[in-house]
Amino acid sequence: MTWARVLQEVRQMRFEELYARRQQRDVTMAEAAEMLGVTERTFRRWSGRYDAEGAEGLQDRRIGRLSARAVPVDEALRMMTWYETRYTGWTVKPFHERWQTDHGGTRSYSGTKKTLQAAGHVTRAPRRGAHRKKRPRKPLPGMRLHQDGSTHEWVPGCQWDLMVTLDDATTELYSAFFVEEEGTMSRLQGVREVIETTGLFSSLYTDRGSHYWHTDEAGGQVDKTRLTQVHRALQPLGVTLIPAYSPEARGRSERAFRTLQDRLPKELALASITEMAAATQYLPEQFLPQYNDRFMVRATEPGTAFIPWVGTNLTEILCVHEERVVAKDNTVHSHRQRLQIPQDPHRFHYVKVTVRVHEYPDGTLAVFHGPRCLARYDADGRLIETGRAHPARKGPTHGSNVSLIVDPRPTVRGIIFSHG
């Protein structure tokens with residue numbers, strides 16, 4: 001199953017769930033549209049197509065068609081030639097006026113500006129600062145979640161990292177656990193715990209750390225075209241990743257950590273807990289229920305934006321994916337291990353073939369060629385099984401010698417539903 005197919009099924013699943021709730025009058029049209037990440041007008045048009053044509057009406061009819069408003073290639077080249085030979089250094093406005101009056105330009109000012117910016121001839125002006133005020137909470141749980149980590153001396157003499165995922169609407173803590181050092185795996189683990197226990201949510205609000213975003217310079221704008229492992233994993237789930245550009249923007253998670261740093265060490269000391277394993281077990285069993293009863297607030301509107309997850313196995317999505325080229329000895333080098341690909345009945349060898357290595361939270365590895373799992377290995381690179389499902393996986397492929405998963409490569413792009 002390809003990445004585009006899974007993304008389409010996830011979007012269709014979420015739409016049908018919200019459509020049914022809209023028919024039962026559990027949510028309004030505006031609330032359903034916001035949960036889906038579209039405008040109310042778009043949700044209304046999708047509903048009309050769904051009523052008339054069923055699931056077929058939700059297919060995007062624009063894929064493969066060129067935009068009618070795109071700047072013609074010959075006009076763009078002619079514009080670049082004039083700018084580079086005669087108007088070098090001009091700002092967009094005077095060049096656009098001269099381009100239209102003296103050289104027969106037909107495009108709008110915005111088209112001229114975007115063309116010059118794309119070619120690197122002019123730079124984008126910085127955005128003006130906006131007046132800041134306290135942002136209201138989301139009306140329903142599951143519409144936006146916050147995730148962050150905090151390094152603190154949670155027990156005497158030990159600096160651990162606490163990973164927390166909480167709800168914007170209610171401040172409820174859905175996931176909290178300790179790790180030696182926060183990283184990609186701990187963030188994926190937090191997302192997985194929320195989806196498995198509560199359901200699929202709409203968006204995730206995070207800082208601009210390197211585990212979430214690529215930035216060309218510290219404190220700069222995030223690059224949404226270069227996906228991190230976390231960003232790549234969230235895309236097929238339909239979860240929007242949102243960057244925060246100031247500590248104040250993450251005020252809810254920052255205030256939650258202040259409370260946790262004050263109360264949790266005292267609770268751990270009272271329970272005589274000094275080991276990380278015992279502290280991690282104590283959090284969901286004892287501390288989180290008490291914390292949520294004390295600090296959770298009521299959502300402004302009844303209902304929930306969480307949708308039960310019934311899609312592809314999360315194990316193969318919420319893990320680290322890396323592409324490798326198979327060496328001449330039919331091996332793959334990954335994570336300081338040399339992984340020997342076993343004999344395959346489908347082909348003689350995979351030399352010079354690009355494969356994908358999956359790394360799981362327990363340290364085990366797997367090699368995939370497209371949607372097929374070729375083999376699985378332990379943390380030391382020893383072969384443990386050939387082409388079978390991951391032990392945590394459940395699904396129709398159990399017991400077969402082929403494991404089908406999502407193809408998560410970010411080169412596959414597409415919009416599943418049409419806005420027009």
# chains A, B, ... in the order shown; residues from 1 in each chain; ligands from 1
$ closest_atom_pairs --of "range 46-104 of chain A" --to "range 20-40 of chain A" --cutoff "12 Å" --atoms "only C-alpha atoms" --output "CSV"
residue,atom,partner,partner_atom,distance
A:Trp46,CA,A:Glu40,CA,9.9
A:Ser47,CA,A:Arg22,CA,10.0
A:Tyr50,CA,A:Ala20,CA,11.5
A:Asp51,CA,A:Gln23,CA,11.6
$ residues_around --residues "Ala76 in chain A" --least-positions-apart "2" --cutoff "12 Å" --atoms "only C-alpha atoms" --output "list in words"
Ala70, Val71, Pro72, Val73, Asp74, Arg78, Met79, Met80, Thr81, Trp82, Tyr83, Trp99, Gly105, Thr106, Arg107, Gly111, Thr112, Lys113, Lys114, Thr115, Leu116, Ala118 and Ala119 of chain A
$ write_last_selection --atoms "N, CA and C atoms" --output "CSV table (one decimal), in the first residue's frame"
chain,number,residue,atom,x,y,z
A,70,ALA,N,-0.7,29.8,-13.8
A,70,ALA,CA,0.8,29.8,-13.8
A,70,ALA,C,1.4,30.7,-14.8
A,71,VAL,N,2.5,31.3,-14.5
A,71,VAL,CA,3.2,32.2,-15.4
A,71,VAL,C,3.8,31.4,-16.6
A,72,PRO,N,3.5,31.7,-17.8
A,72,PRO,CA,4.0,31.0,-19.0
A,72,PRO,C,5.5,30.9,-18.9
A,73,VAL,N,6.1,29.8,-19.3
A,73,VAL,CA,7.6,29.7,-19.2
A,73,VAL,C,8.3,30.7,-20.0
A,74,ASP,N,7.8,31.0,-21.3
A,74,ASP,CA,8.5,31.9,-22.1
A,74,ASP,C,8.5,33.3,-21.6
A,78,ARG,N,11.7,35.6,-20.4
A,78,ARG,CA,11.9,36.9,-20.9
A,78,ARG,C,12.0,38.0,-19.8
A,79,MET,N,11.2,37.8,-18.7
A,79,MET,CA,11.2,38.7,-17.6
A,79,MET,C,12.6,38.6,-16.9
A,80,MET,N,13.1,37.4,-16.7
A,80,MET,CA,14.4,37.2,-16.1
A,80,MET,C,15.5,37.8,-16.9
A,81,THR,N,15.4,37.7,-18.2
A,81,THR,CA,16.4,38.2,-19.1
A,81,THR,C,16.5,39.7,-19.0
A,82,TRP,N,15.3,40.4,-19.0
A,82,TRP,CA,15.3,41.9,-18.9
A,82,TRP,C,15.8,42.3,-17.5
A,83,TYR,N,15.4,41.6,-16.5
A,83,TYR,CA,15.8,42.0,-15.1
A,83,TYR,C,17.3,41.8,-15.0
A,99,TRP,N,8.0,46.9,-16.5
A,99,TRP,CA,7.8,45.6,-17.3
A,99,TRP,C,6.5,45.7,-18.0
A,105,GLY,N,4.5,43.3,-20.4
A,105,GLY,CA,4.1,42.3,-19.4
A,105,GLY,C,2.7,42.2,-19.1
A,106,THR,N,2.2,41.0,-18.9
A,106,THR,CA,0.7,40.8,-18.7
A,106,THR,C,0.4,40.2,-17.3
A,107,ARG,N,1.4,39.8,-16.5
A,107,ARG,CA,1.1,39.2,-15.2
A,107,ARG,C,0.9,40.3,-14.2
A,111,GLY,N,2.4,38.0,-9.3
A,111,GLY,CA,3.1,37.1,-10.2
A,111,GLY,C,4.5,37.5,-10.4
A,112,THR,N,4.8,38.8,-10.7
A,112,THR,CA,6.1,39.3,-10.9
A,112,THR,C,7.0,39.1,-9.7
A,113,LYS,N,6.4,39.4,-8.5
A,113,LYS,CA,7.2,39.3,-7.3
A,113,LYS,C,7.6,37.9,-7.0
A,114,LYS,N,6.6,36.9,-7.1
A,114,LYS,CA,6.9,35.5,-6.8
A,114,LYS,C,8.0,35.0,-7.8
A,115,THR,N,7.9,35.4,-9.1
A,115,THR,CA,8.9,34.9,-10.1
A,115,THR,C,10.3,35.4,-9.7
A,116,LEU,N,10.4,36.7,-9.4
A,116,LEU,CA,11.7,37.2,-9.0
A,116,LEU,C,12.2,36.6,-7.7
A,118,ALA,N,11.5,33.6,-6.5
A,118,ALA,CA,11.9,32.2,-6.8
A,118,ALA,C,13.2,32.1,-7.5
A,119,ALA,N,13.5,33.1,-8.3
A,119,ALA,CA,14.8,33.1,-9.0
A,119,ALA,C,16.0,33.7,-8.1
$ residues_around --residues "Ala269 in chain A" --least-positions-apart "4" --cutoff "12 Å" --atoms "only C-alpha atoms" --output "MDAnalysis selection string"
chainID A and resid 153:156 263:265 273:275 278:279 282
$ write_last_selection --atoms "N, CA and C atoms" --output "PDB file, in the first residue's frame"
ATOM      1  N   GLU A 153      16.211  17.755  37.658  1.00  0.00           N
ATOM      2  CA  GLU A 153      16.633  16.794  38.668  1.00  0.00           C
ATOM      3  C   GLU A 153      15.384  16.254  39.355  1.00  0.00           C
ATOM      4  N   TRP A 154      14.777  15.262  38.700  1.00  0.00           N
ATOM      5  CA  TRP A 154      13.508  14.726  39.187  1.00  0.00           C
ATOM      6  C   TRP A 154      13.693  13.893  40.455  1.00  0.00           C
ATOM      7  N   VAL A 155      14.821  13.228  40.589  1.00  0.00           N
ATOM      8  CA  VAL A 155      15.194  12.543  41.831  1.00  0.00           C
ATOM      9  C   VAL A 155      16.583  13.045  42.211  1.00  0.00           C
ATOM     10  N   PRO A 156      16.963  13.033  43.469  1.00  0.00           N
ATOM     11  CA  PRO A 156      18.260  13.598  43.878  1.00  0.00           C
ATOM     12  C   PRO A 156      19.430  12.975  43.125  1.00  0.00           C
ATOM     13  N   ARG A 263       5.961  19.760  41.722  1.00  0.00           N
ATOM     14  CA  ARG A 263       5.203  18.722  42.436  1.00  0.00           C
ATOM     15  C   ARG A 263       5.759  17.311  42.252  1.00  0.00           C
ATOM     16  N   LEU A 264       6.179  16.977  41.022  1.00  0.00           N
ATOM     17  CA  LEU A 264       6.566  15.599  40.754  1.00  0.00           C
ATOM     18  C   LEU A 264       7.766  15.133  41.574  1.00  0.00           C
ATOM     19  N   PRO A 265       8.855  15.924  41.728  1.00  0.00           N
ATOM     20  CA  PRO A 265       9.958  15.453  42.582  1.00  0.00           C
ATOM     21  C   PRO A 265       9.526  15.140  44.011  1.00  0.00           C
ATOM     22  N   ILE A 273      10.948   6.583  45.337  1.00  0.00           N
ATOM     23  CA  ILE A 273      11.347   6.150  43.995  1.00  0.00           C
ATOM     24  C   ILE A 273      12.626   6.874  43.606  1.00  0.00           C
ATOM     25  N   THR A 274      13.645   6.095  43.224  1.00  0.00           N
ATOM     26  CA  THR A 274      14.931   6.659  42.807  1.00  0.00           C
ATOM     27  C   THR A 274      15.392   6.126  41.460  1.00  0.00           C
ATOM     28  N   GLU A 275      14.735   5.120  40.900  1.00  0.00           N
ATOM     29  CA  GLU A 275      15.112   4.531  39.630  1.00  0.00           C
ATOM     30  C   GLU A 275      14.166   4.981  38.518  1.00  0.00           C
ATOM     31  N   ALA A 278      11.073   2.606  37.730  1.00  0.00           N
ATOM     32  CA  ALA A 278       9.991   2.728  38.709  1.00  0.00           C
ATOM     33  C   ALA A 278       9.268   4.057  38.567  1.00  0.00           C
ATOM     34  N   ALA A 279      10.019   5.134  38.256  1.00  0.00           N
ATOM     35  CA  ALA A 279       9.394   6.446  38.086  1.00  0.00           C
ATOM     36  C   ALA A 279       8.495   6.474  36.859  1.00  0.00           C
ATOM     37  N   TYR A 282       5.376   4.717  37.681  1.00  0.00           N
ATOM     38  CA  TYR A 282       4.578   5.471  38.651  1.00  0.00           C
ATOM     39  C   TYR A 282       3.733   6.555  37.976  1.00  0.00           C
TER      40      TYR A 282
END
$ atom_distance --atom1 "CA of Ala299 in chain A" --atom2 "CA of Tyr212 in chain A"
27.6 Å
$ select_by_dssp --residues "range 142-275 of chain A" --states "strand (DSSP E)" --output "ChimeraX atom specification"
/A:145-155,158-167,173-179,203-206,214-215,222-223,240-243
$ write_last_selection --atoms "N, CA and C atoms" --output "short mmCIF file (atom, residue, chain, number, x, y, z; two decimals), in the first residue's frame"
data_model
loop_
_atom_site.label_atom_id
_atom_site.label_comp_id
_atom_site.auth_asym_id
_atom_site.auth_seq_id
_atom_site.Cartn_x
_atom_site.Cartn_y
_atom_site.Cartn_z
N LEU A 145 -2.68 19.36 20.18
CA LEU A 145 -1.90 18.83 21.28
C LEU A 145 -0.54 19.52 21.34
N HIS A 146 0.00 19.64 22.54
CA HIS A 146 1.34 20.18 22.75
C HIS A 146 2.27 19.04 23.15
N GLN A 147 3.51 19.09 22.65
CA GLN A 147 4.51 18.09 23.06
C GLN A 147 5.83 18.80 23.31
N ASP A 148 6.46 18.45 24.43
CA ASP A 148 7.72 19.08 24.79
C ASP A 148 8.43 18.20 25.80
N GLY A 149 9.70 18.49 26.02
CA GLY A 149 10.51 17.77 26.99
C GLY A 149 11.14 18.74 27.97
N SER A 150 11.47 18.24 29.16
CA SER A 150 12.06 19.08 30.20
C SER A 150 13.15 18.30 30.93
N THR A 151 14.34 18.89 30.97
CA THR A 151 15.46 18.30 31.72
C THR A 151 15.46 18.88 33.13
N HIS A 152 15.45 18.00 34.13
CA HIS A 152 15.33 18.46 35.51
C HIS A 152 15.87 17.37 36.44
N GLU A 153 16.21 17.76 37.66
CA GLU A 153 16.63 16.79 38.67
C GLU A 153 15.38 16.25 39.36
N TRP A 154 14.78 15.26 38.70
CA TRP A 154 13.51 14.73 39.19
C TRP A 154 13.69 13.89 40.46
N VAL A 155 14.82 13.23 40.59
CA VAL A 155 15.19 12.54 41.83
C VAL A 155 16.58 13.05 42.21
N CYS A 158 20.05 12.94 39.87
CA CYS A 158 19.77 12.38 38.55
C CYS A 158 19.07 13.42 37.67
N GLN A 159 19.68 13.72 36.52
CA GLN A 159 19.08 14.62 35.54
C GLN A 159 18.44 13.77 34.44
N TRP A 160 17.13 13.72 34.45
CA TRP A 160 16.40 12.98 33.42
C TRP A 160 15.61 13.95 32.55
N ASP A 161 15.17 13.45 31.42
CA ASP A 161 14.28 14.22 30.55
C ASP A 161 12.87 13.65 30.67
N LEU A 162 11.91 14.53 30.90
CA LEU A 162 10.51 14.14 30.97
C LEU A 162 9.82 14.56 29.69
N MET A 163 9.26 13.60 28.95
CA MET A 163 8.52 13.88 27.72
C MET A 163 7.04 13.91 28.03
N VAL A 164 6.37 14.99 27.64
CA VAL A 164 4.96 15.20 27.97
C VAL A 164 4.19 15.57 26.72
N THR A 165 3.00 15.00 26.56
CA THR A 165 2.07 15.37 25.50
C THR A 165 0.74 15.72 26.16
N LEU A 166 0.27 16.96 25.97
CA LEU A 166 -0.94 17.43 26.65
C LEU A 166 -1.89 18.09 25.67
N ASP A 167 -3.13 18.27 26.09
CA ASP A 167 -4.18 18.82 25.25
C ASP A 167 -4.30 20.32 25.44
N LEU A 173 -2.95 15.70 30.58
CA LEU A 173 -1.73 15.02 30.17
C LEU A 173 -2.11 13.63 29.66
N TYR A 174 -1.87 13.36 28.37
CA TYR A 174 -2.17 12.07 27.79
C TYR A 174 -0.99 11.11 27.89
N SER A 175 0.22 11.65 27.85
CA SER A 175 1.42 10.80 27.86
C SER A 175 2.52 11.53 28.61
N ALA A 176 3.22 10.79 29.47
CA ALA A 176 4.36 11.33 30.21
C ALA A 176 5.26 10.16 30.59
N PHE A 177 6.55 10.29 30.29
CA PHE A 177 7.50 9.24 30.64
C PHE A 177 8.90 9.85 30.69
N PHE A 178 9.81 9.14 31.38
CA PHE A 178 11.18 9.59 31.54
C PHE A 178 12.09 8.88 30.54
N VAL A 179 13.10 9.61 30.04
CA VAL A 179 14.16 9.05 29.21
C VAL A 179 15.48 9.68 29.64
N SER A 203 -3.78 18.17 15.23
CA SER A 203 -2.53 18.90 15.03
C SER A 203 -1.65 18.77 16.26
N LEU A 204 -0.35 18.97 16.05
CA LEU A 204 0.64 18.89 17.13
C LEU A 204 1.45 20.17 17.12
N TYR A 205 1.50 20.84 18.28
CA TYR A 205 2.18 22.13 18.44
C TYR A 205 3.49 21.89 19.18
N THR A 206 4.62 22.27 18.56
CA THR A 206 5.93 21.95 19.13
C THR A 206 6.87 23.15 19.01
N HIS A 214 13.73 21.27 10.47
CA HIS A 214 15.04 21.70 9.99
C HIS A 214 15.02 23.22 9.88
N THR A 215 16.03 23.89 10.42
CA THR A 215 16.18 25.34 10.29
C THR A 215 17.59 25.63 9.80
N VAL A 222 11.44 27.75 9.94
CA VAL A 222 11.55 26.31 9.71
C VAL A 222 11.44 26.03 8.21
N ASP A 223 12.08 24.95 7.77
CA ASP A 223 12.03 24.53 6.38
C ASP A 223 11.02 23.38 6.28
N THR A 240 -1.29 17.64 11.47
CA THR A 240 -0.55 18.84 11.09
C THR A 240 0.46 19.19 12.16
N LEU A 241 1.71 19.38 11.77
CA LEU A 241 2.76 19.79 12.71
C LEU A 241 2.91 21.30 12.63
N ILE A 242 2.80 21.98 13.78
CA ILE A 242 2.80 23.44 13.84
C ILE A 242 4.00 23.90 14.67
N PRO A 243 4.87 24.78 14.12
CA PRO A 243 6.02 25.27 14.89
C PRO A 243 5.66 26.48 15.73
#
$ closest_residue --among "A:Ala256, A:Leu188, A:Ala52, A:Val92" --to "His231 in chain A" --atoms "only C-alpha atoms"
A:Leu188
